[in-house]
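Note sheet for the following structure.
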Number of protein chains: 2
Amino acid sequence: MVAMPHPTSHAKAAVTRDDVARLAGVSPAVVSYVVNGGPRPVSPANEAKVRQAIRALGYRPNAAARALALGSSEMLGMIVSDAMNPFFASLARAVENAAAERGYTLLLADSQASLRTERRLIKNFAARRVDGLFLCSMLIEPDLMDLEQADIPVVLLNHSTDLATAGSPAVIKHGAGDHGSNSVGVAFQDGARTAVEHLISHGHEHIGLVMGGNAGGELDAREVGWHQGIQDAGLTPGPIVRAPFTREGGHRAGQELLARAERPTAVFVSSDQQAVGLLCALHEAGLRVPEDLAVFAFDGSPESEYTWPRLSTVAQPVKDLAQTALEALLAPTPGGETQTKIFPTELILRASCGQH
Amino acid sequence: MVAMPHPTSHAKAAVTRDDVARLAGVSPAVVSYVVNGGPRPVSPANEAKVRQAIRALGYRPNAAARALALGSSEMLGMIVSDAMNPFFASLARAVENAAAERGYTLLLADSQASLRTERRLIKNFAARRVDGLFLCSMLIEPDLMDLEQADIPVVLLNHSTDLATAGSPAVIKHGAGDHGSNSVGVAFQDGARTAVEHLISHGHEHIGLVMGGNAGGELDAREVGWHQGIQDAGLTPGPIVRAPFTREGGHRAGQELLARAERPTAVFVSSDQQAVGLLCALHEAGLRVPEDLAVFAFDGSPESEYTWPRLSTVAQPVKDLAQTALEALLAPTPGGETQTKIFPTELILRASCGQH
DNA sequence: ATGAAAGCGCTAACAC
DNA sequence: GTGTTAGCGCTTTCAT
């Protein structure tokens, strides 16, 4: 025999707008008007009564009901391929801050470098009716069917394109039939090339590459930039080691690099995170950085700042990226036209590449 | 004059359950039964028709409507004080994975070490009617009013309590009147003490402390453990430097430590992230680790693995924490009773503390 | 096994 | 300036 639920049981039913209206002695609509600051004006007297009732009851509007009525969840989604990578973490923070300013809540999800997970997350976001999605995909051409069907705008963030050479913030417009997505990123190729040029200006003639791989299998623009910088100087490309975009990947790449017959005098590394692992491997082998091997990394993440030695790196303008991506997401794209916005990078010169 | 919206305008209204029902020639209820696998059985023939219609229309259920009807958003919230800290990132990943297994979506938010933001986020989560919240607060006693009023369960994660000494996974029960929250964490005090004991076993007699501060101003259990380890060995405590839980904080702490008249031969650092900054400062000063100064950190985050030298650290069992926190959140607490679950830590011995 | 219908809590158009 | 009310899309009980 179960105890009869006492009338004032602890399963206190949530306070609704109608409760507030009743207590304030006004109609439910007025409560809405007060809560939302519109769309209709409310007399000061009533407004006061409503606010008072809200406080007394501890009323908080139900976001699900609001979303249903509004047809908008006021949430934006973001998928990164590795939330544990400080670079993505800093990008996510910048996006979240930009979104919060506009009244949006950011749903951050981590695909953990798994395509299956990425797809699952996209479906989930589509079901939750996010108002837009930022996608840092491992794929050059991610599968956006679910989003298109649900009519959810997407912007690809930190995206590697072959067009990625640019001076000042560049905008590339595609036609509507292009079937591409909006994307914002930095000039991967340009940034890498500049880093290599800097190494060359230090007198390096034998410059290796540690490169991560995106799932698509296409050539990463950073690799193109590295190659271009070397070629433009009339030099011969150093060894290329491919490894995952992780610290461990960088570490293994370092070991592999040192095992090669001819060791370069400098390396360009495709991410800070890999560079951290690389530095560790170098130290373990008793090498000095930059004397025995100069290192130039990419991303400009917070973790590049306190390595030993501190990392010279190609910095991405994270705030600008976030701001621009948000605008691209929220602005209605006229005629389904697609845009690619590319920001220039900035060289941060620190100890790992030698004296500048 | 505005163009008349063409009937087949591109603002394709979202496909609803009723559309599916119509096309399948069944009632809307049947569609629900199929989608949710219940609560009522459906004939194979109809099920097939419904599935077919769903595919044809590209129907995806509206989560907001579902949440409204169900009274549950099937979302869990998590607030960390610094999403850019690899330790929290790894904790968040573990929680997300555990939640996903149970069909929950995790909403991850970053209070960015700001109490105001923390409060804003809590309000936001309460409004969104998350089914529960994981909170890594900077406060010993965070303000949970909003959540209590909304009847949302909370578990404090990675929480420093004075009770934090434990052998095997310990459970501490509090009465209902205790007004505490459920919390799960590790034995801060014990872990710190063990690290100090290890340093002492290496012959260190002068052991300093680099300690982060929580906003509450109360003594962190790690500091107590450090002190205890030293005292138990009959030694005198080394210098204490207080600094934020960041790489930069650790870096400054390192500089400050070296400026002191008497330099210790070893330090215990309250987080890996601070230790990274500390190592950088030490190298910049030309010191060798561990020969000139041995370092023992706390957290066991992924970033401790590839520093130079690699960090000896007190590892938190992140997966266990996540799993347990999830269960604590989802399990109905009988009679409003509150529990604190404390896991033991594990020493990871690497190069930074000297040969073991 | 299936259909009809009553909400879930909110927004905003419409009528006063 | 305020009240009334028709949805938003879904879950689920109650008939059938």
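Chain labels A, B, ... are given in the sequence in which chains occur in the structure tokens; within each chain residues are numbered consecutively from 1, and ligands are likewise numbered from 1 in the order shown.
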Please report, as JSON lines, each residue of chain A lying at most 7 Å from chain C, together with the nearest pair of atoms and the separation in Å rounded to one decimal; use only C-alpha atoms (C1' of nucleotides), and order rows by chain and ascending residue number.
```
{"residue": "A:Thr16", "atom": "CA", "partner": "C:DG9", "partner_atom": "C1'", "distance": 6.8}
{"residue": "A:Asn62", "atom": "CA", "partner": "C:DG9", "partner_atom": "C1'", "distance": 6.5}
{"residue": "A:Ala65", "atom": "CA", "partner": "C:DG9", "partner_atom": "C1'", "distance": 5.0}
{"residue": "A:Arg66", "atom": "CA", "partner": "C:DC10", "partner_atom": "C1'", "distance": 5.0}
{"residue": "A:Ala69", "atom": "CA", "partner": "C:DT11", "partner_atom": "C1'", "distance": 5.7}
{"residue": "A:Leu70", "atom": "CA", "partner": "C:DT11", "partner_atom": "C1'", "distance": 6.5}
```
Please identify which residues in region 32-101 of chain A DSSP calls helix (DSSP H, G or I) from the backbone, and express them as a PyMOL selection string. chain A and resi 32-36+44-57+63-70+86-101
Can I get the residues of chain A within 8 Å of chain B, each with the closest pair of atoms and their distance in Å to one decimal, using only C-alpha atoms, sorted chain first then ascending number, as a Markdown table?
```
| residue | atom | partner | partner_atom | distance |
| --- | --- | --- | --- | --- |
| A:Ala14 | CA | B:Ala150 | CA | 6.9 |
| A:Gly58 | CA | B:Gln149 | CA | 6.9 |
| A:Arg60 | CA | B:Ala127 | CA | 6.1 |
| A:Pro61 | CA | B:Ala127 | CA | 6.2 |
| A:Asn62 | CA | B:Ala127 | CA | 5.8 |
| A:Ala63 | CA | B:Arg128 | CA | 4.9 |
| A:Ala64 | CA | B:Ala64 | CA | 5.1 |
| A:Ala65 | CA | B:Leu68 | CA | 5.8 |
| A:Ala67 | CA | B:Ala64 | CA | 6.2 |
| A:Leu68 | CA | B:Ala64 | CA | 5.6 |
| A:Ser73 | CA | B:Ala64 | CA | 7.6 |
| A:Ala83 | CA | B:Ala89 | CA | 6.5 |
| A:Met84 | CA | B:Ala89 | CA | 5.2 |
| A:Asn85 | CA | B:Pro86 | CA | 7.5 |
| A:Pro86 | CA | B:Met84 | CA | 5.7 |
| A:Ala89 | CA | B:Met84 | CA | 5.2 |
| A:Ser90 | CA | B:Met84 | CA | 6.3 |
| A:Arg93 | CA | B:Asp110 | CA | 7.6 |
| A:Leu106 | CA | B:Ala109 | CA | 7.9 |
| A:Leu107 | CA | B:Leu107 | CA | 5.6 |
| A:Leu108 | CA | B:Leu108 | CA | 5.9 |
| A:Ala109 | CA | B:Leu108 | CA | 7.8 |
| A:Asp110 | CA | B:Arg93 | CA | 7.6 |
| A:Ala126 | CA | B:Arg60 | CA | 8.0 |
| A:Ala127 | CA | B:Ala63 | CA | 5.7 |
| A:Arg128 | CA | B:Ala63 | CA | 4.9 |
| A:Arg129 | CA | B:Asn62 | CA | 7.0 |
| A:Gln149 | CA | B:Gly58 | CA | 7.0 |
| A:Ala150 | CA | B:Ala14 | CA | 6.9 |
| A:Arg247 | CA | B:Tyr306 | CA | 6.9 |
| A:Glu248 | CA | B:Tyr306 | CA | 7.8 |
| A:His251 | CA | B:Tyr306 | CA | 7.9 |
| A:Val276 | CA | B:Tyr306 | CA | 6.6 |
| A:Gly277 | CA | B:Tyr306 | CA | 5.5 |
| A:Leu279 | CA | B:Trp308 | CA | 7.8 |
| A:Cys280 | CA | B:Tyr306 | CA | 5.7 |
| A:His283 | CA | B:Trp308 | CA | 7.1 |
| A:Tyr306 | CA | B:Gly277 | CA | 5.5 |
| A:Thr307 | CA | B:Cys280 | CA | 6.1 |
| A:Trp308 | CA | B:Cys280 | CA | 5.8 |
| A:Pro309 | CA | B:Cys280 | CA | 7.5 |
| A:Arg310 | CA | B:Cys280 | CA | 8.0 |
```
Would you export the selected residues with N, CA and C atoms as a short mmCIF file (atom, residue, chain, number, x, y, z; two decimals), in the first residue's frame, please?
```cif
data_model
loop_
_atom_site.label_atom_id
_atom_site.label_comp_id
_atom_site.auth_asym_id
_atom_site.auth_seq_id
_atom_site.Cartn_x
_atom_site.Cartn_y
_atom_site.Cartn_z
N ALA A 14 5.59 22.88 -11.53
CA ALA A 14 6.27 24.09 -11.93
C ALA A 14 5.30 25.27 -12.01
N GLY A 58 8.60 32.78 -7.89
CA GLY A 58 9.82 32.19 -8.43
C GLY A 58 9.58 31.67 -9.83
N ARG A 60 9.84 31.03 -13.67
CA ARG A 60 10.81 31.12 -14.77
C ARG A 60 10.18 30.50 -16.00
N PRO A 61 10.15 31.28 -17.07
CA PRO A 61 9.49 30.84 -18.31
C PRO A 61 10.05 29.51 -18.79
N ASN A 62 9.23 28.72 -19.35
CA ASN A 62 9.65 27.42 -19.89
C ASN A 62 10.17 27.59 -21.31
N ALA A 63 11.46 27.34 -21.45
CA ALA A 63 12.11 27.59 -22.74
C ALA A 63 11.58 26.67 -23.83
N ALA A 64 11.18 25.47 -23.45
CA ALA A 64 10.68 24.53 -24.46
C ALA A 64 9.38 25.06 -25.05
N ALA A 65 8.52 25.54 -24.20
CA ALA A 65 7.25 26.08 -24.68
C ALA A 65 7.50 27.31 -25.55
N ALA A 67 10.18 27.95 -27.24
CA ALA A 67 10.77 27.50 -28.50
C ALA A 67 9.69 26.98 -29.43
N LEU A 68 8.76 26.25 -28.86
CA LEU A 68 7.70 25.68 -29.69
C LEU A 68 6.84 26.76 -30.31
N SER A 73 14.73 27.97 -31.15
CA SER A 73 15.20 27.51 -29.84
C SER A 73 16.14 28.52 -29.19
N ALA A 83 37.50 18.82 -28.60
CA ALA A 83 37.30 19.89 -27.62
C ALA A 83 38.46 19.96 -26.63
N MET A 84 39.29 18.93 -26.61
CA MET A 84 40.42 18.95 -25.68
C MET A 84 41.62 19.68 -26.26
N ASN A 85 41.54 20.01 -27.52
CA ASN A 85 42.58 20.82 -28.13
C ASN A 85 42.38 22.28 -27.75
N PRO A 86 43.35 22.86 -27.04
CA PRO A 86 43.20 24.23 -26.57
C PRO A 86 42.84 25.23 -27.67
N ALA A 89 39.21 24.87 -28.10
CA ALA A 89 38.59 25.36 -26.87
C ALA A 89 38.53 26.88 -26.89
N SER A 90 39.61 27.50 -27.36
CA SER A 90 39.61 28.96 -27.37
C SER A 90 38.67 29.49 -28.46
N ARG A 93 35.22 29.20 -27.10
CA ARG A 93 34.93 30.25 -26.13
C ARG A 93 34.60 31.55 -26.83
N LEU A 106 25.00 28.68 -26.69
CA LEU A 106 25.76 27.79 -27.57
C LEU A 106 25.77 26.37 -27.01
N LEU A 107 25.42 25.44 -27.88
CA LEU A 107 25.51 24.02 -27.55
C LEU A 107 26.81 23.50 -28.13
N LEU A 108 27.77 23.20 -27.28
CA LEU A 108 29.05 22.75 -27.79
C LEU A 108 29.13 21.24 -27.76
N ALA A 109 29.50 20.66 -28.87
CA ALA A 109 29.63 19.21 -28.91
C ALA A 109 30.97 18.84 -29.52
N ASP A 110 31.43 17.67 -29.17
CA ASP A 110 32.77 17.22 -29.54
C ASP A 110 32.64 15.93 -30.34
N ALA A 126 19.92 18.93 -35.36
CA ALA A 126 18.80 19.17 -36.26
C ALA A 126 17.49 18.92 -35.53
N ALA A 127 17.45 17.84 -34.75
CA ALA A 127 16.23 17.52 -34.01
C ALA A 127 15.92 18.59 -32.98
N ARG A 128 16.94 19.12 -32.38
CA ARG A 128 16.74 20.14 -31.36
C ARG A 128 16.44 21.49 -31.97
N ARG A 129 16.43 21.53 -33.26
CA ARG A 129 16.07 22.77 -33.95
C ARG A 129 16.95 23.93 -33.54
N GLN A 149 17.76 19.73 -44.92
CA GLN A 149 16.35 19.34 -44.84
C GLN A 149 15.63 20.08 -43.75
N ALA A 150 16.31 20.30 -42.66
CA ALA A 150 15.68 21.01 -41.54
C ALA A 150 15.82 22.51 -41.73
N ARG A 247 48.91 15.72 -29.43
CA ARG A 247 50.24 15.80 -28.84
C ARG A 247 50.99 14.50 -29.09
N GLU A 248 50.27 13.43 -28.92
CA GLU A 248 50.89 12.13 -29.15
C GLU A 248 51.35 12.00 -30.60
N HIS A 251 54.46 13.84 -30.99
CA HIS A 251 55.57 13.15 -30.34
C HIS A 251 56.12 12.05 -31.24
N VAL A 276 53.73 20.60 -29.39
CA VAL A 276 54.01 20.28 -27.99
C VAL A 276 54.60 18.87 -27.88
N GLY A 277 53.96 17.95 -28.54
CA GLY A 277 54.46 16.58 -28.54
C GLY A 277 55.82 16.47 -29.19
N LEU A 279 58.15 18.82 -29.39
CA LEU A 279 59.17 19.38 -28.49
C LEU A 279 59.59 18.33 -27.46
N CYS A 280 58.61 17.64 -26.95
CA CYS A 280 58.90 16.63 -25.93
C CYS A 280 59.83 15.56 -26.50
N HIS A 283 63.40 16.96 -26.94
CA HIS A 283 64.13 17.03 -25.68
C HIS A 283 64.58 15.65 -25.23
N TYR A 306 53.40 28.73 -23.29
CA TYR A 306 54.20 28.30 -22.13
C TYR A 306 54.90 26.96 -22.32
N THR A 307 55.22 26.67 -23.54
CA THR A 307 56.04 25.47 -23.78
C THR A 307 57.50 25.84 -23.53
N TRP A 308 58.36 24.82 -23.64
CA TRP A 308 59.79 25.13 -23.57
C TRP A 308 60.50 24.57 -24.76
N PRO A 309 61.13 25.41 -25.57
CA PRO A 309 60.99 26.87 -25.50
C PRO A 309 59.61 27.30 -25.99
N ARG A 310 59.30 28.56 -25.78
CA ARG A 310 57.99 29.05 -26.23
C ARG A 310 57.91 28.92 -27.75
#
```
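Here CA of Asp292 (chain B) and CA of Pro239 (chain B) stand 15.8 Å from one another.
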Please build the interface table for chain D against chain B with a cut-off of 9 Å, listing for each qualifying residue the nearest atom pair and the distance in Å to one decimal; count only C-alpha atoms (C1' of nucleotides), order rows by chain and increasing number, and write it as a Markdown table.
```
| residue | atom | partner | partner_atom | distance |
| --- | --- | --- | --- | --- |
| D:DC8 | C1' | B:Ala65 | CA | 7.8 |
| D:DG9 | C1' | B:Ala65 | CA | 5.0 |
| D:DC10 | C1' | B:Arg66 | CA | 5.0 |
| D:DT11 | C1' | B:Ala69 | CA | 5.7 |
| D:DT12 | C1' | B:Pro39 | CA | 8.3 |
```
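Between CA of Gly212 (chain B) and CA of Thr265 (chain B) there is a distance of 20.2 Å.
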Members of region 9-242 of chain A assigned strand (DSSP E) by DSSP, as number ranges by chain: A: 75-80, 105-110, 133-135, 154-157, 170-174, 182-186, 207-211, 240-242
Could you tell me how far CA of Val26 (chain B) lies from CA of Val130 (chain A), in Å and to one decimal? 29.5 Å
All residues 8 Å or closer to Leu329 (chain B), only C-alpha atoms (C1' of nucleotides), same chain fewer than 4 positions away omitted, as a list in words: Gly132, Leu133, Pro153, Val154, Val155 and Ala325 of chain B
Spatial neighbours of Phe298 (chain B), max dist 6 Å, only C-alpha atoms (C1' of nucleotides), sep filter under 6 positions, as a ChimeraX atom specification: /B:270-272,313-314
